[in-house]
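As stored in model_31.txt (compact mmCIF, C-alpha atoms):
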```txt
# COMPACT_ATOMS: atom_id res chain seq x y z
CA MET J 1 13.80 -9.60 -24.50
CA SER J 2 14.68 -9.38 -28.21
CA THR J 3 17.92 -7.75 -29.31
CA GLY J 4 16.01 -4.98 -31.06
CA ARG J 5 14.25 -4.02 -27.83
CA LEU J 6 17.65 -3.57 -26.19
CA GLU J 7 18.65 -0.86 -28.63
CA ARG J 8 18.27 2.81 -27.70
CA ALA J 9 16.20 3.28 -30.86
CA TYR J 10 13.44 1.23 -29.24
CA ALA J 11 13.34 3.62 -26.27
CA VAL J 12 13.15 6.53 -28.70
CA GLU J 13 10.13 4.88 -30.33
CA LEU J 14 8.44 4.48 -26.94
CA ASP J 15 9.00 8.15 -26.15
CA ALA J 16 7.56 9.17 -29.51
CA ALA J 17 4.41 7.16 -28.82
CA ASP J 18 4.01 8.35 -25.21
CA PRO J 19 0.72 10.28 -24.77
CA LEU J 20 2.11 11.97 -21.63
CA ALA J 21 5.40 13.07 -23.21
CA GLY J 22 4.32 16.71 -23.46
CA TYR J 23 3.96 17.05 -19.69
CA ARG J 24 7.73 16.98 -19.25
CA ASP J 25 7.90 20.44 -20.82
CA ARG J 26 5.74 21.74 -17.97
CA PHE J 27 8.51 21.18 -15.44
CA ALA J 28 11.62 23.23 -14.70
CA LEU J 29 14.12 20.65 -15.93
CA ASP J 30 16.84 22.98 -17.15
CA ASP J 31 19.77 20.55 -17.36
CA PRO J 32 19.31 18.47 -20.55
CA SER J 33 22.00 16.01 -19.44
CA LEU J 34 20.35 15.19 -16.09
CA ILE J 35 18.55 11.87 -15.72
CA TYR J 36 16.40 12.12 -12.62
CA LEU J 37 15.38 8.75 -11.21
CA ASN J 38 15.67 9.69 -7.55
CA GLY J 39 12.71 8.47 -5.55
CA ASN J 40 13.66 9.94 -2.17
CA SER J 41 11.74 13.04 -1.26
CA LEU J 42 11.62 15.48 -4.13
CA GLY J 43 9.75 15.49 -7.40
CA ALA J 44 10.55 18.00 -10.13
CA LEU J 45 9.28 21.58 -9.98
CA PRO J 46 6.17 22.28 -12.13
CA LEU J 47 6.27 25.60 -13.94
CA ALA J 48 2.72 26.28 -12.80
CA THR J 49 3.86 25.93 -9.20
CA MET J 50 6.68 28.39 -9.77
CA ALA J 51 4.18 30.93 -11.11
CA ARG J 52 1.71 30.23 -8.30
CA LEU J 53 4.34 30.70 -5.59
CA GLU J 54 5.46 33.96 -7.16
CA SER J 55 1.85 35.14 -7.02
CA VAL J 56 1.48 34.01 -3.40
CA ILE J 57 4.64 35.84 -2.39
CA ARG J 58 4.36 39.00 -4.50
CA SER J 59 0.63 39.65 -4.63
CA GLU J 60 -0.96 37.80 -1.74
CA TRP J 61 1.76 38.23 0.88
CA GLY J 62 3.52 41.27 -0.53
CA GLY J 63 0.44 43.18 -1.66
CA ALA J 64 -2.64 42.06 0.25
CA LEU J 65 -0.73 41.08 3.41
CA ALA J 66 -3.03 39.84 6.20
CA ARG J 67 -6.11 40.41 4.04
CA SER J 68 -5.09 37.27 2.14
CA TRP J 69 -6.15 35.18 5.12
CA ASP J 70 -9.72 35.66 3.88
CA HIS J 71 -8.99 32.99 1.27
CA TRP J 72 -5.91 31.37 2.79
CA VAL J 73 -7.82 30.05 5.79
CA ASP J 74 -9.71 27.49 3.70
CA LEU J 75 -6.75 26.48 1.51
CA PRO J 76 -5.86 23.27 3.45
CA GLY J 77 -9.35 21.91 2.84
CA ARG J 78 -9.46 22.95 -0.81
CA ALA J 79 -6.07 21.39 -1.49
CA GLY J 80 -7.19 18.36 0.50
CA ASP J 81 -10.17 17.78 -1.76
CA LEU J 82 -7.86 17.76 -4.80
CA VAL J 83 -5.61 15.20 -3.11
CA GLY J 84 -8.77 13.31 -2.22
CA ALA J 85 -9.68 13.14 -5.91
CA LEU J 86 -6.30 11.47 -6.52
CA THR J 87 -6.86 8.95 -3.73
CA GLY J 88 -10.47 7.96 -4.31
CA ALA J 89 -11.85 10.05 -1.44
CA ALA J 90 -15.05 12.03 -1.72
CA PRO J 91 -14.80 15.73 -0.77
CA GLY J 92 -14.55 16.62 2.90
CA GLN J 93 -12.34 13.70 3.98
CA VAL J 94 -8.80 14.96 3.27
CA VAL J 95 -6.95 17.96 4.64
CA VAL J 96 -3.41 19.19 3.87
CA THR J 97 -1.60 19.85 7.13
CA ASP J 98 1.57 19.25 9.17
CA ASN J 99 3.96 16.50 8.02
CA THR J 100 3.47 12.77 7.57
CA THR J 101 4.98 11.84 10.94
CA VAL J 102 2.80 14.25 12.90
CA ASN J 103 -0.29 13.17 10.97
CA LEU J 104 0.49 9.51 11.60
CA TYR J 105 0.84 10.23 15.32
CA LYS J 106 -2.47 12.12 15.42
CA LEU J 107 -4.45 9.45 13.62
CA ALA J 108 -2.85 6.51 15.41
CA CYS J 109 -3.63 8.04 18.80
CA ALA J 110 -7.17 8.87 17.73
CA ALA J 111 -7.66 5.30 16.50
CA LEU J 112 -6.48 3.79 19.79
CA ASP J 113 -8.81 6.06 21.73
CA ALA J 114 -11.65 4.86 19.51
CA ARG J 115 -10.94 1.24 20.43
CA PRO J 116 -10.90 1.27 24.26
CA GLY J 117 -9.96 -2.01 25.89
CA ARG J 118 -7.79 -3.11 23.00
CA HIS J 119 -4.02 -3.05 23.41
CA VAL J 120 -2.34 -4.19 20.18
CA ILE J 121 -0.86 -2.18 17.31
CA VAL J 122 0.22 -4.10 14.21
CA THR J 123 2.82 -2.89 11.71
CA ASP J 124 5.61 -4.59 9.77
CA GLN J 125 9.38 -4.74 10.05
CA ASP J 126 9.91 -3.22 6.61
CA ASN J 127 7.55 -0.29 7.10
CA PHE J 128 9.16 3.13 6.64
CA PRO J 129 11.30 3.92 9.71
CA SER J 130 9.33 7.00 10.79
CA ASP J 131 6.11 4.97 10.74
CA ARG J 132 7.67 2.28 12.91
CA TYR J 133 9.15 4.81 15.32
CA VAL J 134 5.83 6.61 15.76
CA VAL J 135 3.83 3.50 16.64
CA GLU J 136 6.69 2.19 18.78
CA GLY J 137 6.62 5.43 20.77
CA ILE J 138 2.84 5.36 21.13
CA ALA J 139 2.94 1.75 22.30
CA ALA J 140 5.57 2.64 24.90
CA GLN J 141 3.59 5.64 26.14
CA ARG J 142 0.35 3.70 26.45
CA GLY J 143 1.65 0.32 27.56
CA ALA J 144 0.35 -1.26 24.37
CA GLU J 145 1.76 -4.26 22.54
CA LEU J 146 3.45 -3.62 19.20
CA ARG J 147 3.34 -6.60 16.85
CA MET J 148 5.91 -6.39 14.08
CA LEU J 149 5.14 -8.54 11.05
CA ALA J 150 8.03 -10.29 9.37
CA THR J 151 8.04 -9.06 5.78
CA ASP J 152 9.68 -10.28 2.61
CA ILE J 153 11.67 -7.16 1.70
CA ASN J 154 11.29 -7.81 -2.03
CA GLU J 155 7.72 -9.08 -2.25
CA GLY J 156 6.10 -7.07 0.53
CA LEU J 157 3.09 -7.82 2.70
CA THR J 158 0.49 -10.50 2.10
CA PRO J 159 -3.07 -10.50 3.42
CA ASP J 160 -2.39 -13.86 5.07
CA ALA J 161 0.45 -12.37 7.13
CA VAL J 162 -1.87 -9.65 8.41
CA ARG J 163 -4.64 -12.16 9.12
CA ALA J 164 -2.26 -14.21 11.25
CA ALA J 165 -1.28 -11.15 13.31
CA VAL J 166 -4.65 -9.61 14.21
CA ASP J 167 -7.07 -10.76 16.88
CA GLU J 168 -9.77 -9.46 19.20
CA ASP J 169 -7.21 -7.35 21.09
CA THR J 170 -5.98 -5.48 17.98
CA ALA J 171 -6.85 -1.80 17.98
CA LEU J 172 -4.90 -0.55 14.97
CA VAL J 173 -3.15 -1.89 11.88
CA SER J 174 -0.72 0.64 10.34
CA LEU J 175 0.97 -0.24 7.03
CA SER J 176 2.38 1.33 3.88
CA HIS J 177 0.46 0.84 0.66
CA VAL J 178 3.70 0.75 -1.38
CA ALA J 179 6.88 -0.52 0.30
CA TYR J 180 9.57 2.13 0.25
CA ARG J 181 12.48 -0.20 -0.55
CA SER J 182 11.03 -2.63 -3.08
CA GLY J 183 7.98 -0.83 -4.44
CA ALA J 184 5.82 -3.84 -3.51
CA LEU J 185 2.12 -2.89 -3.60
CA ALA J 186 -0.12 -4.14 -0.80
CA ASP J 187 -3.70 -5.27 -1.40
CA MET J 188 -5.50 -2.38 0.29
CA ALA J 189 -9.01 -3.78 0.01
CA ALA J 190 -8.16 -7.27 1.27
CA ILE J 191 -5.99 -6.10 4.17
CA THR J 192 -8.48 -3.45 5.26
CA LYS J 193 -11.23 -6.08 5.30
CA ILE J 194 -9.07 -8.35 7.46
CA ALA J 195 -8.45 -5.54 9.96
CA HIS J 196 -12.16 -4.76 10.11
CA GLU J 197 -13.10 -8.41 10.63
CA ALA J 198 -10.89 -8.32 13.73
CA GLY J 199 -12.60 -5.11 14.90
CA ALA J 200 -9.49 -2.98 14.35
CA LEU J 201 -9.04 0.31 12.52
CA MET J 202 -6.80 0.49 9.44
CA LEU J 203 -4.27 3.30 8.84
CA TRP J 204 -2.51 3.47 5.45
CA ASP J 205 0.65 5.36 4.53
CA LEU J 206 0.31 6.59 0.93
CA CYS J 207 3.68 8.35 0.57
CA HIS J 208 4.79 6.14 -2.33
CA SER J 209 1.25 5.67 -3.67
CA VAL J 210 -0.40 9.02 -4.29
CA GLY J 211 0.26 10.11 -7.85
CA ALA J 212 1.95 6.80 -8.73
CA VAL J 213 -0.74 4.12 -8.43
CA PRO J 214 -4.54 4.23 -8.31
CA VAL J 215 -5.78 4.55 -4.73
CA GLU J 216 -9.43 3.94 -3.83
CA LEU J 217 -9.76 4.85 -0.16
CA ASP J 218 -13.56 5.05 -0.11
CA ALA J 219 -14.09 1.99 -2.29
CA CYS J 220 -11.72 -0.04 -0.09
CA ASP J 221 -13.62 1.09 3.02
CA ALA J 222 -10.39 2.52 4.43
CA ASP J 223 -10.53 4.22 7.81
CA LEU J 224 -7.49 6.47 7.89
CA ALA J 225 -4.56 7.44 5.70
CA VAL J 226 -1.59 9.81 5.62
CA GLY J 227 0.82 10.77 2.87
CA CYS J 228 3.48 13.20 1.74
CA THR J 229 3.27 15.56 -1.23
CA TYR J 230 6.90 16.16 -2.22
CA LYS J 231 7.35 12.96 -4.25
CA TYR J 232 4.89 12.34 -7.09
CA LEU J 233 2.79 15.40 -6.23
CA ASN J 234 5.86 17.58 -6.83
CA ALA J 235 4.96 20.08 -4.09
CA GLY J 236 8.54 20.88 -3.11
CA PRO J 237 10.99 20.30 -0.25
CA GLY J 238 9.28 20.05 3.11
CA ALA J 239 5.83 20.54 1.59
CA PRO J 240 2.97 19.80 3.99
CA ALA J 241 1.49 16.32 4.12
CA PHE J 242 -2.15 15.25 4.09
CA LEU J 243 -4.40 13.02 6.11
CA TYR J 244 -7.63 11.20 5.32
CA VAL J 245 -10.40 10.32 7.74
CA SER J 246 -13.39 8.39 6.46
CA ALA J 247 -16.67 10.31 6.70
CA ARG J 248 -18.06 7.60 9.00
CA LEU J 249 -15.27 8.32 11.53
CA ARG J 250 -14.80 12.05 10.98
CA GLU J 251 -17.08 13.21 13.77
CA VAL J 252 -16.20 10.29 16.07
CA LEU J 253 -12.43 10.56 16.32
CA ARG J 254 -10.69 13.10 18.52
CA GLN J 255 -7.11 13.89 17.63
CA PRO J 256 -4.57 14.48 20.42
CA ILE J 257 -2.82 17.70 19.34
CA TRP J 258 -5.19 20.54 20.06
CA GLY J 259 -4.26 23.68 18.15
CA TRP J 260 -6.04 26.88 17.36
CA PHE J 261 -6.67 25.90 13.73
CA SER J 262 -8.63 22.89 14.96
CA GLN J 263 -10.74 25.00 17.31
CA ARG J 264 -14.38 25.52 16.35
CA ASP J 265 -14.25 29.31 16.68
CA GLN J 266 -10.55 30.00 16.49
CA PHE J 267 -10.83 33.78 16.67
CA ALA J 268 -12.97 33.75 19.80
CA MET J 269 -9.73 32.98 21.67
CA GLY J 270 -11.80 31.17 24.29
CA PRO J 271 -10.47 29.61 27.48
CA GLY J 272 -11.35 26.02 26.55
CA TYR J 273 -10.88 23.81 23.54
CA ASP J 274 -13.90 22.95 21.41
CA PRO J 275 -12.93 20.92 18.33
CA ALA J 276 -14.10 22.13 14.95
CA ALA J 277 -16.50 20.10 12.86
CA GLY J 278 -15.30 18.22 9.79
CA MET J 279 -11.69 17.82 8.75
CA ALA J 280 -10.62 21.08 10.35
CA LYS J 281 -10.52 19.27 13.70
CA PHE J 282 -7.47 17.33 12.47
CA MET J 283 -5.37 20.43 11.91
CA THR J 284 -3.08 21.92 14.55
CA GLY J 285 -1.43 25.32 14.17
CA THR J 286 -1.12 27.86 11.37
CA PRO J 287 -0.59 26.09 8.02
CA SER J 288 2.19 26.78 5.53
CA ILE J 289 0.47 28.77 2.81
CA PRO J 290 3.21 28.59 0.13
CA GLY J 291 3.60 24.85 0.72
CA THR J 292 -0.14 24.20 0.63
CA ALA J 293 -0.51 26.26 -2.55
CA ALA J 294 2.21 24.08 -4.11
CA VAL J 295 0.27 20.96 -3.13
CA GLU J 296 -2.80 22.38 -4.85
CA GLU J 297 -0.91 23.06 -8.07
CA GLY J 298 0.77 19.65 -8.07
CA ALA J 299 -2.52 17.85 -7.53
CA ARG J 300 -4.20 19.83 -10.31
CA LEU J 301 -1.47 18.85 -12.75
CA LEU J 302 -1.78 15.15 -11.91
CA LEU J 303 -5.57 15.25 -12.14
CA GLU J 304 -5.28 16.86 -15.57
CA ALA J 305 -2.95 14.09 -16.77
CA GLY J 306 -5.23 11.43 -15.28
CA ILE J 307 -4.24 8.74 -12.82
CA GLY J 308 -5.20 6.00 -15.30
CA ALA J 309 -2.85 7.33 -17.97
CA MET J 310 -0.09 7.86 -15.40
CA ARG J 311 -0.46 4.34 -14.04
CA ALA J 312 -0.35 2.87 -17.55
CA LYS J 313 2.90 4.68 -18.28
CA SER J 314 4.31 3.81 -14.84
CA VAL J 315 3.72 0.11 -15.49
CA GLN J 316 5.34 0.45 -18.90
CA LEU J 317 8.37 2.28 -17.45
CA THR J 318 8.90 -0.15 -14.58
CA SER J 319 8.45 -3.16 -16.88
CA TYR J 320 11.06 -1.68 -19.20
CA LEU J 321 13.40 -1.16 -16.24
CA ILE J 322 13.00 -4.78 -15.25
CA ASP J 323 13.47 -6.09 -18.81
CA LEU J 324 16.68 -4.12 -19.29
CA GLY J 325 17.88 -5.13 -15.84
CA ASP J 326 17.27 -8.80 -16.63
CA ALA J 327 19.29 -8.46 -19.81
CA TRP J 328 22.16 -6.32 -18.57
CA LEU J 329 22.36 -6.28 -14.75
CA VAL J 330 21.31 -9.72 -13.57
CA PRO J 331 24.11 -11.48 -15.53
CA LEU J 332 26.56 -9.19 -13.69
CA GLY J 333 25.45 -10.21 -10.21
CA CYS J 334 22.42 -8.00 -9.60
CA ALA J 335 19.11 -9.38 -8.41
CA LEU J 336 15.67 -7.86 -8.84
CA GLY J 337 14.33 -6.56 -5.52
CA THR J 338 10.84 -5.66 -6.76
CA PRO J 339 7.79 -7.81 -7.63
CA ARG J 340 7.72 -8.78 -11.30
CA GLN J 341 3.94 -8.67 -11.64
CA PRO J 342 2.85 -5.11 -12.59
CA ALA J 343 -0.20 -5.33 -10.33
CA ARG J 344 2.08 -6.01 -7.36
CA ARG J 345 4.39 -3.00 -7.63
CA GLY J 346 4.30 0.77 -7.45
CA GLY J 347 6.34 3.34 -9.32
CA HIS J 348 9.92 2.35 -8.55
CA VAL J 349 12.19 -0.61 -9.19
CA THR J 350 15.00 -1.87 -6.96
CA PHE J 351 18.03 -3.95 -7.83
CA CYS J 352 20.24 -5.64 -5.26
CA HIS J 353 24.05 -5.70 -5.52
CA PRO J 354 26.78 -5.97 -2.86
CA ARG J 355 28.18 -2.60 -3.98
CA ALA J 356 24.86 -0.85 -4.49
CA GLU J 357 25.90 2.28 -2.59
CA GLN J 358 28.99 2.71 -4.76
CA ILE J 359 26.92 2.17 -7.92
CA VAL J 360 24.56 4.96 -6.88
CA GLY J 361 27.52 7.27 -6.31
CA GLN J 362 29.05 6.47 -9.69
CA LEU J 363 25.72 6.97 -11.44
CA ALA J 364 25.47 10.37 -9.75
CA ALA J 365 28.93 11.26 -11.05
CA ALA J 366 27.50 10.62 -14.54
CA ASN J 367 24.55 12.96 -13.74
CA ILE J 368 22.14 10.06 -13.27
CA LEU J 369 20.41 10.44 -9.91
CA SER J 370 19.05 7.30 -8.26
CA ASP J 371 19.12 6.39 -4.57
CA TYR J 372 20.55 3.79 -2.22
CA ARG J 373 18.55 1.75 0.25
CA THR J 374 19.96 -0.58 2.88
CA PRO J 375 21.24 -3.17 2.97
CA ASP J 376 22.33 -3.70 -0.65
CA ARG J 377 19.96 -2.08 -3.11
CA PHE J 378 19.80 0.77 -5.57
CA ARG J 379 16.39 2.19 -6.35
CA LEU J 380 15.16 3.81 -9.57
CA GLY J 381 12.05 5.97 -9.30
CA ALA J 382 10.08 6.58 -12.50
CA SER J 383 7.73 9.57 -12.44
CA PRO J 384 5.25 9.24 -15.33
CA LEU J 385 5.13 12.95 -16.13
CA THR J 386 8.88 13.54 -16.27
CA THR J 387 10.65 10.21 -16.90
CA ARG J 388 11.40 9.23 -20.49
CA PHE J 389 12.04 5.73 -21.76
CA THR J 390 15.40 6.95 -23.03
CA ASP J 391 16.21 7.98 -19.45
CA VAL J 392 15.56 4.41 -18.34
CA TRP J 393 17.70 3.00 -21.16
CA THR J 394 20.60 5.34 -20.41
CA ALA J 395 20.48 4.67 -16.66
CA ILE J 396 20.49 0.88 -16.96
CA ALA J 397 23.17 0.97 -19.65
CA ALA J 398 25.30 3.16 -17.39
CA GLY J 399 24.75 0.79 -14.46
CA ARG J 400 25.86 -2.12 -16.64
CA ASP J 401 28.99 -0.28 -17.72
CA ILE J 402 29.85 0.67 -14.12
CA ILE J 403 29.54 -2.93 -12.87
CA GLU J 404 31.45 -4.33 -15.83
CA ARG J 405 34.25 -1.78 -15.39
CA GLU J 406 34.44 -2.54 -11.69
CA GLY J 407 34.70 -6.26 -12.44
CA GLN J 408 37.58 -5.66 -14.82
CA ASP J 409 39.41 -3.49 -12.31
CA ARG J 410 39.17 -6.01 -9.47
CA PRO J 411 41.67 -8.90 -9.35
```

Step by step, read the file and then write its structure as structure tokens.
Amino acid sequence: MSTGRLERAYAVELDAADPLAGYRDRFALDDPSLIYLNGNSLGALPLATMARLESVIRSEWGGALARSWDHWVDLPGRAGDLVGALTGAAPGQVVVTDNTTVNLYKLACAALDARPGRHVIVTDQDNFPSDRYVVEGIAAQRGAELRMLATDINEGLTPDAVRAAVDEDTALVSLSHVAYRSGALADMAAITKIAHEAGALMLWDLCHSVGAVPVELDACDADLAVGCTYKYLNAGPGAPAFLYVSARLREVLRQPIWGWFSQRDQFAMGPGYDPAAGMAKFMTGTPSIPGTAAVEEGARLLLEAGIGAMRAKSVQLTSYLIDLGDAWLVPLGCALGTPRQPARRGGHVTFCHPRAEQIVGQLAAANILSDYRTPDRFRLGASPLTTRFTDVWTAIAAGRDIIEREGQDRP
């Protein structure tokens, strides 16, 4: 990287040329000194969402009261179709409901029931903990075998590793599209094809994908998917998740948690359960209306910006992170914990350092929010609509200064 590209002036030039720069003004980012590169569980608050929630609370809840259920009842499906547009799913295959863990449980159980006589679930050792815990619990309940793939924490899953793990007894393969620690991006089309060739169903976790990288569920012939909405979709703390069921499986699968919102005629209050048609059958109880409205607003904003434009900026941001890290952090003992090839990574970059947790804390003291991931890595999440190139420059420069200062202080 040339010396000129290491100067802050270069980051200023990149910001000036950024076609998405204006979207930052559409978020409630009131602290001009804050640099927000936290990739945990909370994207910034869109101003449109603030206005929408005020309307939901004041007018719909406060004014219309229960009459608002006339249009609230279909909100999970309407919001789901918008999320579907972000994930390459035709209408009628996505619904916003519950949380990611519950949705994963529902779809994993439904998939196993759809593959009677098969007894193997495949996931990987570096999958998000909740995903691993869910399938571990299901395997224990059903007496199934859980095969845990050994994964390179930095480089992520390969199709060959999945091919070696599946066989004629595999019922379900459950993996994350983007690895939560490294940002490594799995080959959805190739891995889904491998699962299908073995006769298994494929369940994808899109928590670190939706709104960050292009997702083509229908084009990849995916079966099932789940994802959260509080990261790149900016739907707020504890916002409801979503689930996807391919149209070819929608009327075949039967989910295990029978609630009154998944009942065909919910207001008949009948004595027996009769599952609704379509995606409604994958719901459970009464949905969170404020949370689902926030999902709708977040998805609309991302669709307006365009996933292609967001991905282009995301690649540029993460490449810039890596270039600055190579120049300033690697010589100080850091190591890149994310694939270098843009096509192999999502929207965050990880660096490894023995004192990563302390670095994250010291960055936070400087009003630069990143996050720590075990065992030795600090993670920088770049959201295309809110992250500036000057934010990246300042964060990496601060990390360099922290490590250098620590080295001088130690004997």

Between atom CA of Gly337 of chain J and atom CA of Ala356 of chain J, measure the distance and give it in Å to one decimal.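 The value is 12.0 Å.
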
Name the residues in contact with Asp205 of chain J at a cut-off of 10 Å, using only C-alpha atoms, excluding same-chain residues fewer than 2 positions from it; report them as a ChimeraX atom specification. /J:100,104,127-128,131,174-179,203,207-210,224-228,243

So, counting all atoms listed in the file, which residue among J:Ala364, J:Ala89, J:Tyr180, J:Arg24 is closest to Asp223 of chain J?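 Among the listed residues, the smallest separation from Asp223 of chain J belongs to J:Ala89.
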
For Thr284 of chain J, which of J:Glu197, J:Asp98, J:Glu297, J:Asp323 is the closest residue, counting all atoms listed in the file?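 Using all atoms listed in the file, Thr284 of chain J sits closest to J:Asp98.
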
Which one is closest to Asn38 of chain J: J:Cys220, J:Gln341, J:Lys231, J:Ile402? Count only C-alpha atoms.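 The answer is J:Lys231, which sits nearest to Asn38 of chain J.
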
Got a sec: who's within 8 Å of segment 135-145 of chain J, counting only C-alpha atoms, leaving out chain neighbours fewer than 5 positions off, as a list of chain:residue names? J:Tyr105, J:Ala108, J:Cys109, J:His119, J:Val120, J:Ile121

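Between Leu380 of chain J and the candidates J:Ala150, J:Ala111, J:Ala305, J:Leu37, the tightest atom-to-atom separation, counting all atoms listed in the file, involves J:Leu37.
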
How many Å lie between atom CA of Ala327 of chain J and atom CA of Arg355 of chain J, rounded to one decimal?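 Spanning atom CA of Ala327 of chain J to atom CA of Arg355 of chain J is a straight-line distance of 19.1 Å.
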
Pick the closest to Phe378 of chain J from J:Arg5, J:Arg118, J:Arg300, J:His353: which is it, counting all atoms listed in the file? J:His353
